[in-house]
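**Student:** Enclosed is the structure file protein.tsv (TSV, C-alpha atoms).
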chain	number	residue	atom	x	y	z
A	1	MET	CA	-11.33	-14.29	-7.16
A	2	LEU	CA	-10.47	-11.27	-5.04
A	3	ILE	CA	-12.18	-7.98	-5.85
A	4	GLU	CA	-11.43	-5.64	-2.92
A	5	PHE	CA	-9.92	-5.56	0.55
A	6	SER	CA	-10.50	-2.77	3.07
A	7	VAL	CA	-8.86	-2.25	6.46
A	8	GLY	CA	-8.77	0.56	8.97
A	9	ASN	CA	-10.10	1.96	12.19
A	10	TYR	CA	-13.85	2.00	12.56
A	11	ARG	CA	-16.20	2.32	9.60
A	12	SER	CA	-15.43	5.94	8.73
A	13	PHE	CA	-14.13	6.05	5.15
A	14	LYS	CA	-11.48	8.60	6.08
A	15	GLU	CA	-10.02	6.13	8.57
A	16	GLN	CA	-9.68	3.11	6.25
A	17	VAL	CA	-7.86	2.17	3.07
A	18	THR	CA	-9.25	0.08	0.22
A	19	PHE	CA	-7.22	-1.98	-2.23
A	20	SER	CA	-9.01	-3.05	-5.42
A	21	MET	CA	-8.37	-5.58	-8.16
A	22	VAL	CA	-11.12	-4.04	-10.30
A	23	ALA	CA	-9.76	-2.83	-13.65
A	24	ALA	CA	-10.15	0.90	-14.14
A	25	ASN	CA	-11.83	2.29	-17.24
A	26	LEU	CA	-8.66	3.13	-19.12
A	27	VAL	CA	-6.86	2.10	-22.27
A	28	ALA	CA	-3.27	0.97	-21.93
A	29	LYS	CA	-0.57	2.22	-24.28
A	30	ASP	CA	0.15	-1.37	-25.32
A	31	LYS	CA	-3.08	-3.14	-26.39
A	32	LYS	CA	-1.61	-6.47	-25.28
A	33	LEU	CA	-1.72	-5.26	-21.68
A	34	ASP	CA	-5.48	-4.89	-21.94
A	35	GLU	CA	-5.82	-8.32	-23.52
A	36	ASN	CA	-3.48	-10.18	-21.17
A	37	ASN	CA	-3.46	-8.35	-17.83
A	38	VAL	CA	-7.26	-8.05	-17.47
A	39	PHE	CA	-10.04	-10.61	-17.55
A	40	ALA	CA	-13.81	-10.13	-17.71
A	41	VAL	CA	-16.09	-11.65	-15.10
A	42	ASP	CA	-19.18	-10.29	-16.84
A	43	GLU	CA	-20.18	-7.27	-18.92
A	44	ASP	CA	-19.80	-4.92	-15.96
A	45	LEU	CA	-16.84	-6.33	-14.03
A	46	LYS	CA	-13.24	-6.72	-15.20
A	47	LEU	CA	-10.47	-7.77	-12.81
A	48	LEU	CA	-6.69	-7.48	-12.87
A	49	LYS	CA	-4.40	-10.50	-12.96
A	50	SER	CA	-1.55	-8.84	-11.08
A	51	THR	CA	-0.81	-5.73	-9.03
A	52	ALA	CA	2.34	-4.25	-7.51
A	53	ILE	CA	2.36	-2.12	-4.35
A	54	TYR	CA	5.25	0.33	-3.82
A	55	GLY	CA	6.12	2.54	-0.90
A	56	ALA	CA	8.88	3.67	1.41
A	57	ASN	CA	9.98	1.51	4.35
A	58	ALA	CA	7.51	1.81	7.24
A	59	SER	CA	4.82	3.18	4.89
A	60	GLY	CA	2.35	0.38	5.61
A	61	LYS	CA	2.90	-2.19	2.82
A	62	SER	CA	3.65	-5.07	5.18
A	63	ASN	CA	0.88	-4.03	7.56
A	64	LEU	CA	-1.60	-4.45	4.71
A	65	VAL	CA	-0.45	-8.05	4.28
A	66	LYS	CA	-0.48	-8.66	8.03
A	67	ALA	CA	-4.02	-7.28	8.30
A	68	LEU	CA	-5.26	-9.58	5.57
A	69	GLY	CA	-3.40	-12.49	7.16
A	70	PHE	CA	-5.04	-11.78	10.51
A	71	MET	CA	-8.47	-11.52	8.89
A	72	LYS	CA	-7.99	-14.89	7.21
A	73	TRP	CA	-6.81	-16.52	10.45
A	74	PHE	CA	-9.64	-15.05	12.52
A	75	MET	CA	-12.30	-16.10	10.00
A	76	VAL	CA	-11.09	-19.68	10.09
A	77	ASN	CA	-10.07	-20.09	13.74
A	78	SER	CA	-12.00	-17.72	16.00
A	79	SER	CA	-14.67	-20.31	16.84
A	80	LYS	CA	-12.30	-23.17	17.66
A	81	ASN	CA	-8.82	-21.90	18.55
A	82	THR	CA	-9.78	-19.19	21.04
A	83	GLN	CA	-11.26	-19.27	24.52
A	84	SER	CA	-13.92	-16.93	25.90
A	85	THR	CA	-11.38	-14.97	27.96
A	86	GLU	CA	-8.77	-14.51	25.21
A	87	VAL	CA	-8.16	-11.09	23.72
A	88	ILE	CA	-8.47	-10.53	19.97
A	89	ASN	CA	-5.14	-9.79	18.35
A	90	VAL	CA	-6.03	-6.42	16.82
A	91	GLU	CA	-4.24	-3.15	17.44
A	92	PRO	CA	-5.87	0.26	17.00
A	93	PHE	CA	-4.04	3.13	15.34
A	94	ARG	CA	-2.11	4.59	18.28
A	95	LEU	CA	-1.00	7.91	16.78
A	96	SER	CA	-4.42	9.54	16.93
A	97	THR	CA	-6.54	10.27	20.00
A	98	ASP	CA	-9.59	9.97	17.72
A	99	THR	CA	-8.96	6.34	16.78
A	100	GLU	CA	-7.03	4.80	19.68
A	101	ASP	CA	-10.22	3.56	21.35
A	102	LYS	CA	-12.07	2.56	18.17
A	103	PRO	CA	-12.35	-0.98	16.77
A	104	SER	CA	-10.39	-2.21	13.76
A	105	TYR	CA	-12.28	-2.69	10.50
A	106	PHE	CA	-11.82	-5.49	7.94
A	107	GLU	CA	-13.79	-6.22	4.76
A	108	LEU	CA	-13.34	-8.55	1.77
A	109	VAL	CA	-15.23	-8.50	-1.53
A	110	PHE	CA	-14.75	-11.70	-3.52
A	111	LEU	CA	-16.27	-14.13	-6.01
A	112	ILE	CA	-17.18	-17.77	-5.41
A	113	ASP	CA	-18.61	-19.61	-8.41
A	114	ASP	CA	-19.09	-16.24	-10.16
A	115	ARG	CA	-21.27	-14.94	-7.31
A	116	LYS	CA	-20.19	-11.79	-5.51
A	117	TYR	CA	-19.93	-11.68	-1.70
A	118	ARG	CA	-19.03	-8.89	0.71
A	119	TYR	CA	-17.96	-9.97	4.18
A	120	GLY	CA	-16.48	-7.95	7.01
A	121	PHE	CA	-16.26	-7.29	10.72
A	122	GLU	CA	-15.15	-4.76	13.30
A	123	ALA	CA	-13.38	-5.86	16.45
A	124	ASN	CA	-11.46	-4.51	19.40
A	125	GLN	CA	-9.33	-6.58	21.74
A	126	GLU	CA	-12.32	-7.53	23.89
A	127	ARG	CA	-15.01	-8.46	21.36
A	128	VAL	CA	-16.44	-8.48	17.86
A	129	VAL	CA	-18.34	-5.20	17.60
A	130	SER	CA	-20.09	-5.83	14.29
A	131	GLU	CA	-20.11	-8.37	11.45
A	132	TRP	CA	-21.88	-8.63	8.12
A	133	LEU	CA	-22.28	-10.80	5.03
A	134	PHE	CA	-23.98	-9.70	1.81
A	135	TYR	CA	-24.20	-11.26	-1.63
A	136	VAL	CA	-25.58	-10.47	-5.08
A	137	PRO	CA	-27.97	-13.27	-6.13
A	138	GLU	CA	-28.95	-11.52	-9.35
A	139	VAL	CA	-28.68	-7.72	-9.59
A	140	ARG	CA	-29.09	-6.13	-6.16
A	141	GLU	CA	-26.97	-6.77	-3.09
A	142	THR	CA	-28.86	-8.76	-0.45
A	143	ARG	CA	-28.11	-9.18	3.25
A	144	LEU	CA	-27.40	-12.69	4.52
A	145	PHE	CA	-26.69	-11.62	8.09
A	146	LYS	CA	-25.78	-8.55	10.08
A	147	ARG	CA	-24.50	-8.40	13.64
A	148	ASP	CA	-24.29	-5.37	15.92
A	149	MET	CA	-22.83	-6.31	19.29
A	150	ASP	CA	-25.23	-9.02	20.56
A	151	SER	CA	-28.02	-8.23	18.08
A	152	PHE	CA	-28.29	-10.46	14.96
A	153	LYS	CA	-30.41	-10.19	11.83
A	154	ILE	CA	-30.19	-13.43	9.86
A	155	SER	CA	-31.73	-14.20	6.48
A	156	LYS	CA	-33.62	-17.48	6.13
A	157	SER	CA	-31.48	-18.34	3.12
A	158	TYR	CA	-28.37	-18.33	5.34
A	159	ASN	CA	-29.96	-21.12	7.39
A	160	ALA	CA	-28.19	-20.41	10.69
A	161	ASP	CA	-30.96	-19.40	13.08
A	162	GLY	CA	-30.11	-20.36	16.66
A	163	ILE	CA	-26.36	-20.39	16.08
A	164	GLN	CA	-26.10	-16.81	17.30
A	165	GLN	CA	-26.72	-18.06	20.85
A	166	ARG	CA	-23.63	-20.24	20.49
A	167	THR	CA	-21.41	-17.36	19.30
A	168	ARG	CA	-19.03	-15.91	21.88
A	169	ASN	CA	-18.27	-12.19	22.03
A	170	ASN	CA	-14.72	-12.83	20.78
A	171	ALA	CA	-15.69	-15.19	17.95
A	172	LEU	CA	-17.04	-14.54	14.47
A	173	PHE	CA	-20.55	-15.67	13.60
A	174	LEU	CA	-19.28	-16.84	10.21
A	175	SER	CA	-16.69	-19.07	11.87
A	176	VAL	CA	-19.24	-20.55	14.30
A	177	SER	CA	-21.71	-21.07	11.44
A	178	ALA	CA	-19.15	-23.14	9.56
A	179	GLN	CA	-18.46	-25.17	12.69
A	180	PHE	CA	-22.18	-26.01	12.79
A	181	ASN	CA	-22.23	-27.02	9.12
A	182	VAL	CA	-23.88	-23.99	7.54
A	183	GLU	CA	-23.06	-24.73	3.90
A	184	LEU	CA	-22.40	-21.19	2.71
A	185	ALA	CA	-20.13	-20.44	5.68
A	186	GLU	CA	-18.20	-23.65	4.98
A	187	ASN	CA	-17.83	-22.65	1.31
A	188	ILE	CA	-16.51	-19.20	2.23
A	189	LEU	CA	-13.96	-20.57	4.69
A	190	GLN	CA	-12.92	-23.21	2.17
A	191	TRP	CA	-12.34	-20.39	-0.34
A	192	VAL	CA	-10.30	-18.43	2.21
A	193	THR	CA	-8.11	-21.39	3.17
A	194	GLY	CA	-7.80	-23.02	-0.24
A	195	THR	CA	-7.65	-20.05	-2.61
A	196	LEU	CA	-6.21	-17.08	-0.71
A	197	ASN	CA	-2.49	-17.69	-0.08
A	198	ILE	CA	-0.64	-15.02	1.90
A	199	ILE	CA	3.14	-14.93	2.26
A	200	SER	CA	4.11	-12.29	4.81
A	201	GLY	CA	7.53	-10.67	4.91
A	202	LEU	CA	10.46	-12.94	4.16
A	203	ASP	CA	8.70	-15.96	5.67
A	204	ASP	CA	8.66	-18.00	2.47
A	205	ARG	CA	10.65	-20.95	3.82
A	206	LYS	CA	7.55	-22.65	5.21
A	207	TYR	CA	6.34	-23.25	1.64
A	208	PHE	CA	9.41	-25.41	1.02
A	209	ASN	CA	7.53	-28.45	2.32
A	210	TYR	CA	4.63	-27.73	-0.03
A	211	THR	CA	6.93	-27.85	-3.06
A	212	VAL	CA	8.57	-31.02	-1.71
A	213	ASP	CA	5.14	-32.63	-1.27
A	214	CYS	CA	4.23	-31.73	-4.86
A	215	LEU	CA	7.42	-33.36	-6.14
A	216	ILE	CA	7.08	-36.51	-4.01
A	217	HIS	CA	3.45	-37.10	-4.99
A	218	ASP	CA	3.96	-36.03	-8.62
A	219	LYS	CA	1.59	-33.06	-8.35
A	220	ASN	CA	2.68	-30.70	-11.15
A	221	LYS	CA	6.19	-32.14	-10.76
A	222	SER	CA	7.30	-31.63	-14.36
A	223	ASP	CA	6.01	-28.03	-14.42
A	224	ILE	CA	7.79	-27.15	-11.16
A	225	ILE	CA	11.10	-28.56	-12.37
A	226	GLU	CA	10.69	-26.87	-15.75
A	227	LEU	CA	10.06	-23.51	-14.07
A	228	ILE	CA	13.21	-23.83	-11.97
A	229	LYS	CA	15.28	-24.95	-14.97
A	230	LYS	CA	14.11	-22.13	-17.25
A	231	LEU	CA	14.93	-19.41	-14.73
A	232	ASP	CA	18.65	-20.03	-15.33
A	233	LEU	CA	19.72	-21.31	-11.92
A	234	GLY	CA	22.12	-23.88	-13.37
A	235	ILE	CA	19.94	-26.74	-12.16
A	236	ASN	CA	19.38	-29.61	-14.57
A	237	SER	CA	17.01	-31.63	-12.39
A	238	ILE	CA	15.84	-32.14	-8.81
A	239	GLN	CA	15.72	-35.33	-6.78
A	240	VAL	CA	13.50	-35.66	-3.74
A	241	GLU	CA	13.36	-38.82	-1.68
A	242	LYS	CA	12.39	-40.08	1.75
A	243	LYS	CA	15.29	-41.52	3.75
A	244	ASP	CA	15.56	-43.35	7.05
A	245	ALA	CA	16.50	-41.16	9.97
A	246	PRO	CA	20.06	-41.40	11.37
A	247	GLU	CA	20.61	-44.11	13.98
A	248	PHE	CA	20.79	-41.68	16.91
A	249	LEU	CA	17.20	-40.63	16.10
A	250	ALA	CA	15.84	-43.92	14.79
A	251	TRP	CA	16.22	-45.76	18.09
A	252	ARG	CA	14.02	-43.17	19.78
A	253	HIS	CA	11.57	-42.86	16.88
A	254	PRO	CA	11.30	-46.17	15.00
A	255	GLY	CA	10.27	-45.74	11.39
A	256	LEU	CA	11.14	-42.02	11.36
A	257	LYS	CA	12.07	-40.69	7.93
A	258	PHE	CA	13.27	-37.37	6.62
A	259	THR	CA	13.18	-35.75	3.20
A	260	SER	CA	16.34	-35.30	1.16
A	261	VAL	CA	16.42	-32.71	-1.64
A	262	ALA	CA	19.29	-32.74	-4.13
A	263	THR	CA	19.85	-30.62	-7.23
A	264	ILE	CA	21.54	-32.09	-10.28
A	265	HIS	CA	24.14	-30.00	-12.12
A	266	ARG	CA	26.14	-30.79	-15.26
A	267	LYS	CA	29.91	-31.26	-14.92
A	268	PHE	CA	32.12	-30.32	-17.88
A	269	ASP	CA	35.53	-31.47	-19.08
A	270	PRO	CA	38.45	-29.07	-19.83
A	271	ASP	CA	37.14	-28.60	-23.39
A	272	GLY	CA	33.74	-27.46	-22.16
A	273	ASN	CA	31.93	-30.67	-23.11
A	274	PRO	CA	29.38	-32.30	-20.77
A	275	HIS	CA	31.24	-34.98	-18.81
A	276	SER	CA	28.95	-36.16	-16.01
A	277	ILE	CA	26.51	-34.90	-13.43
A	278	GLU	CA	27.13	-33.60	-9.94
A	279	GLU	CA	24.65	-33.87	-7.09
A	280	PHE	CA	24.39	-30.88	-4.71
A	281	ASP	CA	22.77	-30.92	-1.29
A	282	PHE	CA	20.03	-28.36	-1.65
A	283	ASN	CA	20.28	-26.69	1.76
A	284	THR	CA	24.08	-26.59	1.81
A	285	HIS	CA	25.07	-25.68	-1.72
A	286	GLU	CA	22.24	-23.66	-3.26
A	287	SER	CA	21.95	-19.88	-2.84
A	288	GLU	CA	19.24	-18.20	-0.77
A	289	GLY	CA	17.62	-16.94	-3.97
A	290	THR	CA	17.46	-20.47	-5.37
A	291	GLN	CA	16.04	-21.75	-2.09
A	292	LYS	CA	13.34	-19.06	-2.12
A	293	LEU	CA	12.40	-19.84	-5.71
A	294	PHE	CA	12.16	-23.54	-4.90
A	295	ALA	CA	9.98	-22.79	-1.88
A	296	LEU	CA	7.56	-20.71	-3.97
A	297	ALA	CA	7.65	-22.82	-7.15
A	298	GLY	CA	5.02	-25.33	-6.06
A	299	LEU	CA	2.64	-22.62	-4.91
A	300	ILE	CA	3.16	-20.54	-8.07
A	301	ILE	CA	2.40	-23.46	-10.38
A	302	THR	CA	-0.63	-24.59	-8.35
A	303	THR	CA	-1.96	-21.02	-8.20
A	304	LEU	CA	-1.70	-20.65	-11.97
A	305	LYS	CA	-3.25	-24.03	-12.74
A	306	LYS	CA	-6.20	-23.70	-10.37
A	307	GLY	CA	-6.91	-19.97	-10.68
A	308	LYS	CA	-6.03	-19.13	-7.07
A	309	ILE	CA	-4.70	-15.96	-5.43
A	310	ILE	CA	-1.19	-15.39	-4.08
A	311	ILE	CA	-0.19	-12.33	-2.04
A	312	VAL	CA	3.53	-11.92	-1.44
A	313	ASP	CA	5.27	-9.30	0.68
A	314	GLU	CA	8.72	-8.48	-0.73
A	315	LEU	CA	8.44	-10.75	-3.76
A	316	ASP	CA	11.68	-9.31	-5.15
A	317	ALA	CA	13.81	-10.06	-2.07
A	318	ARG	CA	16.75	-12.33	-3.00
A	319	PHE	CA	15.59	-12.44	-6.66
A	320	HIS	CA	17.30	-10.94	-9.68
A	321	PRO	CA	14.96	-8.34	-11.29
A	322	LEU	CA	14.59	-10.49	-14.41
A	323	ILE	CA	13.39	-13.46	-12.35
A	324	THR	CA	10.81	-11.30	-10.57
A	325	ARG	CA	9.66	-9.98	-13.94
A	326	ALA	CA	9.40	-13.51	-15.37
A	327	ILE	CA	7.12	-14.57	-12.49
A	328	ILE	CA	4.88	-11.54	-13.07
A	329	GLU	CA	4.70	-12.29	-16.78
A	330	LEU	CA	3.49	-15.81	-15.97
A	331	PHE	CA	0.44	-14.24	-14.32
A	332	ASN	CA	-0.07	-11.59	-17.00
A	333	SER	CA	0.02	-14.11	-19.84
A	334	ARG	CA	-3.08	-15.63	-21.42
A	335	GLU	CA	-1.15	-18.78	-22.22
A	336	THR	CA	0.28	-19.49	-18.76
A	337	ASN	CA	-2.62	-17.99	-16.77
A	338	SER	CA	-5.69	-19.14	-18.64
A	339	ASN	CA	-7.55	-19.74	-15.35
A	340	ASN	CA	-7.21	-16.09	-14.23
A	341	ALA	CA	-5.08	-16.56	-11.14
A	342	GLN	CA	-4.20	-13.33	-9.33
A	343	LEU	CA	-0.83	-12.13	-8.01
A	344	ILE	CA	-0.56	-9.23	-5.54
A	345	PHE	CA	2.89	-8.30	-4.32
A	346	MET	CA	4.76	-5.64	-2.37
A	347	THR	CA	8.10	-4.55	-3.78
A	348	HIS	CA	10.87	-1.95	-3.93
A	349	ASP	CA	12.05	-3.05	-7.38
A	350	THR	CA	11.59	0.02	-9.57
A	351	ASN	CA	12.81	-1.91	-12.64
A	352	LEU	CA	9.29	-3.33	-12.80
A	353	LEU	CA	7.68	0.11	-13.09
A	354	SER	CA	7.12	-0.04	-16.82
A	355	ASN	CA	4.16	0.61	-19.09
A	356	LYS	CA	5.34	-2.42	-21.04
A	357	LEU	CA	4.58	-4.66	-18.05
A	358	PHE	CA	1.74	-2.96	-16.17
A	359	ARG	CA	-1.31	-0.84	-16.78
A	360	ARG	CA	-1.56	2.17	-14.50
A	361	ASP	CA	-4.29	0.54	-12.40
A	362	GLN	CA	-1.95	-2.36	-11.63
A	363	ILE	CA	0.46	-0.08	-9.75
A	364	TRP	CA	-0.38	1.01	-6.21
A	365	PHE	CA	1.43	3.12	-3.63
A	366	THR	CA	1.46	3.36	0.16
A	367	GLU	CA	2.51	6.58	1.87
A	368	LYS	CA	2.42	7.79	5.45
A	369	ASN	CA	0.62	11.10	5.89
A	370	ARG	CA	1.75	13.80	8.32
A	371	TYR	CA	-0.15	12.07	11.14
A	372	GLY	CA	1.54	8.69	10.61
A	373	ALA	CA	-1.46	6.99	8.95
A	374	THR	CA	-1.16	5.04	5.69
A	375	ASP	CA	-2.65	6.33	2.44
A	376	LEU	CA	-3.15	3.75	-0.31
A	377	TYR	CA	-3.74	4.88	-3.88
A	378	SER	CA	-3.36	3.77	-7.49
A	379	LEU	CA	-1.35	5.25	-10.35
A	380	ALA	CA	-4.64	5.28	-12.28
A	381	GLU	CA	-5.61	8.30	-10.15
A	382	TYR	CA	-2.91	10.36	-11.89
A	383	LYS	CA	-3.39	12.00	-15.26
A	384	ILE	CA	-0.21	11.12	-17.09
A	385	ARG	CA	0.78	10.38	-20.67
A	386	ASN	CA	0.57	6.78	-21.86
A	387	ASP	CA	4.26	6.88	-22.73
A	388	ALA	CA	5.36	8.33	-19.38
A	389	SER	CA	8.30	6.69	-17.62
A	390	PHE	CA	6.70	5.25	-14.50
A	391	GLU	CA	10.07	4.40	-12.92
A	392	SER	CA	11.74	7.76	-13.53
A	393	ASP	CA	8.72	9.75	-12.36
A	394	TYR	CA	8.38	7.60	-9.23
A	395	ILE	CA	12.04	8.07	-8.24
A	396	LYS	CA	11.63	11.82	-8.77
A	397	GLY	CA	8.78	11.78	-6.24
A	398	ARG	CA	5.97	12.70	-8.64
A	399	TYR	CA	3.71	9.99	-7.21
A	400	GLY	CA	4.87	10.25	-3.60
A	401	ALA	CA	5.44	7.00	-1.70
A	402	ILE	CA	9.24	7.44	-1.48
A	403	PRO	CA	11.46	8.12	1.54
A	404	TYR	CA	12.45	11.75	1.95
A	405	ILE	CA	16.00	11.43	3.25
A	406	GLY	CA	17.58	14.22	5.23
A	407	ASP	CA	21.07	15.64	4.78
A	408	LEU	CA	23.55	12.97	5.90
A	409	THR	CA	26.65	15.01	5.07
A	410	HIS	CA	27.54	15.82	8.67
A	411	LEU	CA	26.15	12.64	10.23
A	412	ILE	CA	29.58	11.27	11.12
A	413	ASP	CA	31.96	13.56	12.96
A	414	SER	CA	35.36	12.57	11.58
A	415	HIS	CA	37.10	14.50	14.36
A	416	GLY	CA	35.13	12.92	17.17
Would you write the structure of this file as structure tokens?
**Tutor:**
Amino acid sequence: MLIEFSVGNYRSFKEQVTFSMVAANLVAKDKKLDENNVFAVDEDLKLLKSTAIYGANASGKSNLVKALGFMKWFMVNSSKNTQSTEVINVEPFRLSTDTEDKPSYFELVFLIDDRKYRYGFEANQERVVSEWLFYVPEVRETRLFKRDMDSFKISKSYNADGIQQRTRNNALFLSVSAQFNVELAENILQWVTGTLNIISGLDDRKYFNYTVDCLIHDKNKSDIIELIKKLDLGINSIQVEKKDAPEFLAWRHPGLKFTSVATIHRKFDPDGNPHSIEEFDFNTHESEGTQKLFALAGLIITTLKKGKIIIVDELDARFHPLITRAIIELFNSRETNSNNAQLIFMTHDTNLLSNKLFRRDQIWFTEKNRYGATDLYSLAEYKIRNDASFESDYIKGRYGAIPYIGDLTHLIDSHG
């Protein structure tokens, strides 16, 4: 389970932003929101099942997803997919002379088997500047390792002494530890790769193959088809099968097969009675919204069933607002999300800004300050009435995080 994510330049708190899934100490207007949208880890820690992040274009929403995506990739691959001379793909904040030469900062706080961990690192394009891993075995946070440049302090319980000599300047100690079979490091990277799913921008098409694989191997097949059917796309069923490649490819690649996806629709007679069924080629005849939903359906069902985390940039793109809302309600429901999966998404859909759907701490905003840096903050920081109209107040600019559009009246010279 994800607790917090922080990103920024250097370790100064004024130069970083922190996003949290920790439930604030507040009472929602609708008691069901408290019962459904929040789950307790223990007596002291309650986490949110879903959060929405709003903000103007170019306010930093997508950069937050990209930063987390980079952190995940670097944790998993820095020890094996990079060479000693390669630069690290981080970019400092370039609009301030104070930060342009400082390293980028990344930190995750998460739970594995109900135990809390805090892992992070700082890096510039040349090297990892610092790195740390702490955990809470009982009550107090305890250091497992800490790295400052080429200096390492490693706890005996981490069981990785000697591996620091094998760690390049541009690789993470955690990544190298996993490569040398340090059990805890392997568990953390397995959590990152298996539990934390990040969908950046509109790049959801690559998950199409995951849904296809689920359907072919009967992994949650009935649930995936039922989800697609109930979202009113006019699809009665889905057929997925492996077919032989066309002859012009088969002679070059003997045994090559490709996957065919067809959707089944009902055909009606002139009196409106069901007559037969019609098979549509999925890629040719289905809308982009239907294709996106299909691509995400397998991941959504798996995430809910196994209590994983899904982070989606522009979840609402190509979806009707009611479909987006239905997906959110799957995560907020005790019945459909009994394993406490978490959904984090970036959106412009103000129809979702409702105190019937979200608690205030589930709504976050990104806004560029006067210096071009991103501020990230929660609606829970505002003192507002429980029955306030979140959507109306947001559009009016009461929470910030909207574009301030100049006068366009004379933009086009009709006499030019």
**Student:** As a PDB file with C-alpha atoms, keeping the file's coordinate frame, please: the residues near A:Leu48 (cut-off 7 Å, all atoms listed in the file, same-chain neighbours under 4 positions excluded).
**Tutor:**
ATOM      1  CA  MET A  21      -8.370  -5.580  -8.160  1.00  0.00           C
ATOM      2  CA  VAL A  22     -11.120  -4.040 -10.300  1.00  0.00           C
ATOM      3  CA  ALA A  23      -9.760  -2.830 -13.650  1.00  0.00           C
ATOM      4  CA  ASN A  37      -3.460  -8.350 -17.830  1.00  0.00           C
ATOM      5  CA  VAL A  38      -7.260  -8.050 -17.470  1.00  0.00           C
ATOM      6  CA  PHE A  39     -10.040 -10.610 -17.550  1.00  0.00           C
TER       7      PHE A  39
END
**Student:** Kindly indicate which residue among A:Asp387, A:Asp203, A:Glu314, A:Asp218 lies nearest to A:Ser62, using only C-alpha atoms for the distances.
**Tutor:**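 Counting only C-alpha atoms, the residue closest to A:Ser62 is A:Glu314.
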**Student:** At what distance in Å, to one decimal, does atom CA of A:Asn209 lie from atom CA of A:Lys221?
**Tutor:**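 Between atom CA of A:Lys221 and atom CA of A:Asn209 the gap works out to 13.7 Å.
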**Student:** Show me, as a ChimeraX atom specification, the residues that have an atom within 6 Å of stretch 342-352 of chain A when counting all atoms listed in the file, minus same-chain residues fewer than 3 positions from it.
**Tutor:** /A:49-54,309-314,391
**Student:** When you draw a straight line from atom CA of A:Ile323 to atom CA of A:Leu231, how long is it in Å?
**Tutor:**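 Distance between the two atoms: 6.6 Å.
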**Student:** For A:Thr290, which residue out of A:Phe208, A:Phe70, A:Phe134, A:Phe365 is the nearest one, using only C-alpha atoms?
**Tutor:**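 Between A:Phe208, A:Phe70, A:Phe134, A:Phe365, the residue approaching A:Thr290 most closely is A:Phe208.
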**Student:** Looking at A:Ser78, A:Gln16, A:Ser287, A:Ser6, which one is nearest to A:Leu189, with distances taken over only C-alpha atoms?
**Tutor:**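 Residue with the minimum atom-to-atom distance to A:Leu189: A:Ser78.
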**Student:** Enter the distance from atom CA of A:Asp42 to atom CA of A:Glu335, in Å, rounded to one decimal.
**Tutor:**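 Going from atom CA of A:Asp42 over to atom CA of A:Glu335, I get 20.6 Å.
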**Student:** Just want the 12 Å neighbourhood of stretch 138-153 of chain A, counted on only C-alpha atoms, with same-chain residues fewer than 6 positions away dropped. Output as a PyMOL selection string.
**Tutor:** chain A and resi 44+109+114-124+126-132+159-174+177+184-185
**Student:** Is it possible to dump stretch 323-343 of chain A as a CSV table (one decimal), in the first residue's frame, including just C-alpha atoms?
**Tutor:**
chain,number,residue,atom,x,y,z
A,323,ILE,CA,-17.9,5.8,-16.8
A,324,THR,CA,-15.1,7.6,-15.0
A,325,ARG,CA,-17.3,7.9,-12.0
A,326,ALA,CA,-18.3,4.2,-12.1
A,327,ILE,CA,-14.6,3.2,-12.1
A,328,ILE,CA,-13.9,5.4,-9.1
A,329,GLU,CA,-16.9,3.9,-7.3
A,330,LEU,CA,-15.5,0.5,-7.8
A,331,PHE,CA,-12.4,1.5,-5.7
A,332,ASN,CA,-14.5,3.4,-3.1
A,333,SER,CA,-16.8,0.5,-2.5
A,334,ARG,CA,-16.4,-2.0,0.3
A,335,GLU,CA,-18.0,-4.7,-1.8
A,336,THR,CA,-15.9,-4.4,-4.9
A,337,ASN,CA,-12.7,-3.3,-3.2
A,338,SER,CA,-12.5,-5.5,-0.1
A,339,ASN,CA,-8.8,-5.8,-0.5
A,340,ASN,CA,-8.1,-2.1,-0.2
A,341,ALA,CA,-6.7,-1.4,-3.7
A,342,GLN,CA,-5.8,2.2,-4.3
A,343,LEU,CA,-6.5,4.4,-7.3
